[in-house]
Each structure stands twice: as C-alpha cells, then as structure tokens.
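Student: Attaching a single structure in structure tokens format; questions to follow.
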Amino acid sequence: MSLPQGFAADTATALPLHVLDRAHLAAWLETQPAAVVAWAQAQRFEAAPGSVLLLPGSEGLAGAVVGVGDREDAYAYAHAPYALPAGSTWRAEGLSEADTSLLHLGWGLGSYRFSRYRKPTRAPAELAATPSAEVADLVQACLRVRDWVNTPTEDMGPEQLEAAARELASAHGARIEVITGDALLEKNFPTIHAVGRASHRAPRLIELHWGDAAHPRLTLVGKGVCFDTGGLDLKPADGMRHMKKDMGGAAHALALAGLVMARGLPVQLTLLIPAVENAVGPEAFRPGEVITTRAGISVEIDNTDAEGR
C-alpha cells in the first residue's frame, strides 16, 4: 500500500510528538524535565485546540506538543501537518490504539492542499506511520471529494464526472451504464434532459451497480449539477461564484460508493448521478413550462434555479 500524503515510512529522523488536551497537560508536565516545564510556561502553552508547542533541544528541535480538543474527532488533529515545520518527521508518543487511528485520519485530511493548478507553498510535516487500510481508504475517499468539488467546471463537467465514475467502476469490477443527451427522453428521464439541454455538454444519467444480489440493497443518489447559472432565472454574480460546487452531492455519493467497494461491504450497491450543467441558451427550459416527470407527475416550472427540487 502506498502511503497517503503526509506520511513517511522512514522513522530514523522522526521526532517525538505528544498529543495533549487541556485536561492532561498538567500530568504530562509533571513527567518532564524542569527546562521543558519552564519553556511551556514561558510560551503560555495550555494545550488549547489547534495549538502547537515546539520543544527546543541542543541540536535544534527535540520534539513537539500538539494541543487538541475532542479526541474522538479526527479533525482535532488536522492542524498538525501545517502547524509543524515543513520537512519535519514525527512519531506519536503514548496514544491509545483508538487515538492513533484518529490521529492518522486527521493527519491525512489535514495534509491536503488542492494542487491541480498551483503548487502548495510548502509541504506538510510527515508522520512516521503506516495508517490502516481502513483509514487509508477513508482518507482517499475524502480527498477525492475535495478534488472533484474544487475543480472548476471547465475540467469537471458531466463528461468528467462520468469518467470518474468509470474509473472507480473499473477499479472495483462494477457495472456502469450511462444514458446521454436525447437518449434521456427515449428512456423516459425528461427532467434530467430539461435541466441540461441548453448546455453544449450533454446531460446524462450515470448508473453504477456493484455487489452480490443476495445482500441488502443500498442506493446512493447524488445531485450532479456541475455548474448552476440559475438558468433563465439567472443568479446574481455573488450567487453564481461558487456554483462549481453544485455537484458536491454527486462527488460525495461517488466517493462513498468507492469507499463501499474498497472496503468490500456486504451490500448490493446502486449509484445514481444525474449530471448536467444548468446553462443559459436557446434551448434553456423556461419559467411557466410544464414538464411531465418519469413518475407521470406534471410539474410547472416556477423558477429555473430550483432544478434540484
């Protein structure tokens, strides 16, 4: 297994890392040399959530203390990779197995920076550890969501969502079907077609199947509006600025499906993603139009910016 970003296999240069909350700081200080106690007091270190205390040694750093809040929250540890010096490597001291697992998860999540278009200004500090397969799969799923949501629509439209789904399907032996463009009308998916028909990028329904038919059925559905202008009921600029994220539901559902498959959960999985771009153009659906849904219900369009509802 390749290590996620922020982790290192080499422990030779790793420095001790102590993870403390306010309740355990006093007891830890009682076990430390007088110089460390004096240093912590001089820095007014209280092990507050999100804090870091670097411990000096005769040849530079001798270790560090990371302050956390809720130990059962992986994000309590997520500040550490960028709060500690770039290029440094650390080994956690004195943690329980449960806390170690949460530290690994938080470290993996905290090491993330979106780097597709611009290199990060620095690298995260590394933790000398090998996270469990479960933690590694969780980290990978979470970072997939972040990458997909952060990517602008130019590079993450309906066709790219389909490509991401096909990649996951191929990796896990899943079956995938995609209904695209006017075929949506032929297959009786009129509302998906209506929302996406004005874009030069064809709307589509992505359907993925995986698992044993004897297992309980699990169906995930994610809204894949890759950009939402609001249609003819056009959004103002402030409201449109971050609409690349309107496919966040699809990103989460797709990453969760990947996690279910990676963990080999005993379910019969179906993933459904309607992927469209709600654009303005000659073919845009209009306020006042009546669309008959797949269920046979007639829906009058009051506002073209309510396509998700």
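By convention here, the chains of the structure tokens are called A, B, ... in the order presented, each chain's residues are numbered starting at 1, and ligands are numbered starting at 1 in the order presented.
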Using only C-alpha atoms, which residues of stretch 269-306 of chain A come within 10 Å of stretch 243-260 of chain A, and what is the closest atom pair for each, with the distance in Å to one decimal? Give it as CSV, sorted by chain and residue number.

Tutor:
```
residue,atom,partner,partner_atom,distance
A:Leu269,CA,A:Ala257,CA,7.7
A:Thr270,CA,A:Ala257,CA,8.4
A:Leu271,CA,A:Ala257,CA,7.0
A:Leu272,CA,A:Ala253,CA,8.5
A:Ile273,CA,A:Ala250,CA,6.0
A:Pro274,CA,A:Ala250,CA,8.1
A:Ala275,CA,A:Met247,CA,8.0
A:Val276,CA,A:Met247,CA,9.0
A:Glu277,CA,A:Met247,CA,9.5
```

Student: Keeping only N, CA and C atoms, write those residues as an mmCIF file, in the first residue's frame.

Tutor:
```cif
data_model
loop_
_atom_site.group_PDB
_atom_site.id
_atom_site.type_symbol
_atom_site.label_atom_id
_atom_site.label_comp_id
_atom_site.auth_asym_id
_atom_site.auth_seq_id
_atom_site.Cartn_x
_atom_site.Cartn_y
_atom_site.Cartn_z
ATOM 1 N N LEU A 269 -24.990 -2.597 -4.195
ATOM 2 C CA LEU A 269 -24.872 -1.148 -4.339
ATOM 3 C C LEU A 269 -25.379 -0.669 -5.696
ATOM 4 N N THR A 270 -26.186 0.380 -5.654
ATOM 5 C CA THR A 270 -26.567 1.116 -6.853
ATOM 6 C C THR A 270 -26.240 2.583 -6.625
ATOM 7 N N LEU A 271 -25.571 3.196 -7.576
ATOM 8 C CA LEU A 271 -25.254 4.620 -7.525
ATOM 9 C C LEU A 271 -25.913 5.314 -8.707
ATOM 10 N N LEU A 272 -26.643 6.392 -8.433
ATOM 11 C CA LEU A 272 -27.313 7.161 -9.475
ATOM 12 C C LEU A 272 -26.852 8.611 -9.410
ATOM 13 N N ILE A 273 -26.321 9.112 -10.510
ATOM 14 C CA ILE A 273 -25.895 10.506 -10.580
ATOM 15 C C ILE A 273 -26.470 11.140 -11.850
ATOM 16 N N PRO A 274 -27.464 12.026 -11.708
ATOM 17 C CA PRO A 274 -27.863 12.849 -12.853
ATOM 18 C C PRO A 274 -26.856 13.991 -12.991
ATOM 19 N N ALA A 275 -26.138 14.029 -14.098
ATOM 20 C CA ALA A 275 -25.055 15.008 -14.289
ATOM 21 C C ALA A 275 -25.434 15.973 -15.402
ATOM 22 N N VAL A 276 -25.515 17.246 -15.059
ATOM 23 C CA VAL A 276 -25.945 18.273 -16.019
ATOM 24 C C VAL A 276 -25.196 19.564 -15.754
ATOM 25 N N GLU A 277 -25.299 20.484 -16.709
ATOM 26 C CA GLU A 277 -24.932 21.880 -16.491
ATOM 27 C C GLU A 277 -26.171 22.714 -16.769
#
```

Student: Which residues are close to A:Val19, i.e. within 7 Å by only C-alpha atoms, leaving aside same-chain residues fewer than 6 positions away? Reply as a list in words.

Tutor: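 Answer for this query is Val65, Val66 and Gly67 of chain A.
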
Student: Sorted by chain and rising residue number, list the residues of stretch 123-227 of chain A at most 6 Å from stretch 80-95 of chain A (counting only C-alpha atoms), each with its closest atom pair and distance in Å to one decimal, as a Markdown table.

Tutor:
```
| residue | atom | partner | partner_atom | distance |
| --- | --- | --- | --- | --- |
| A:Ala123 | CA | A:Ala86 | CA | 5.6 |
| A:Pro124 | CA | A:Pro81 | CA | 4.8 |
| A:Ala125 | CA | A:Pro81 | CA | 4.7 |
| A:Glu126 | CA | A:Thr89 | CA | 4.7 |
| A:Leu127 | CA | A:Trp90 | CA | 4.9 |
| A:Ala128 | CA | A:Arg91 | CA | 5.4 |
```

Student: For A:Val139, which residue among A:Val52, A:Ala23, A:Leu232, A:Leu3 is the nearest when counting only C-alpha atoms?

Tutor: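 Looking at the shortest contact to A:Val139, the residue is A:Leu3.
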
Student: Hey, which of A:Gln32, A:Ser199, A:Thr191, A:Gln160 ends up closest to A:Glu289? Count only C-alpha atoms.

Tutor: A:Thr191

Student: Rank nothing, just name the residue among A:Ala213, A:Leu208, A:Ala279, A:Ala78 nearest to A:Leu234, using only C-alpha atoms.

Tutor: A:Ala279

Student: So which residues of stretch 72-301 of chain A fall under strand (DSSP E or B) by DSSP, listed as number ranges by chain?

Tutor: A: 89-93, 126-128, 175-180, 204-211, 217-221, 224-228, 268-278, 290-292, 298-300

Student: Applying 9 Å and only C-alpha atoms, which residues near A:Ser115 remain after dropping the ones on its own chain fewer than 4 positions away? List them as a ChimeraX atom specification.

Tutor: /A:119-120,147
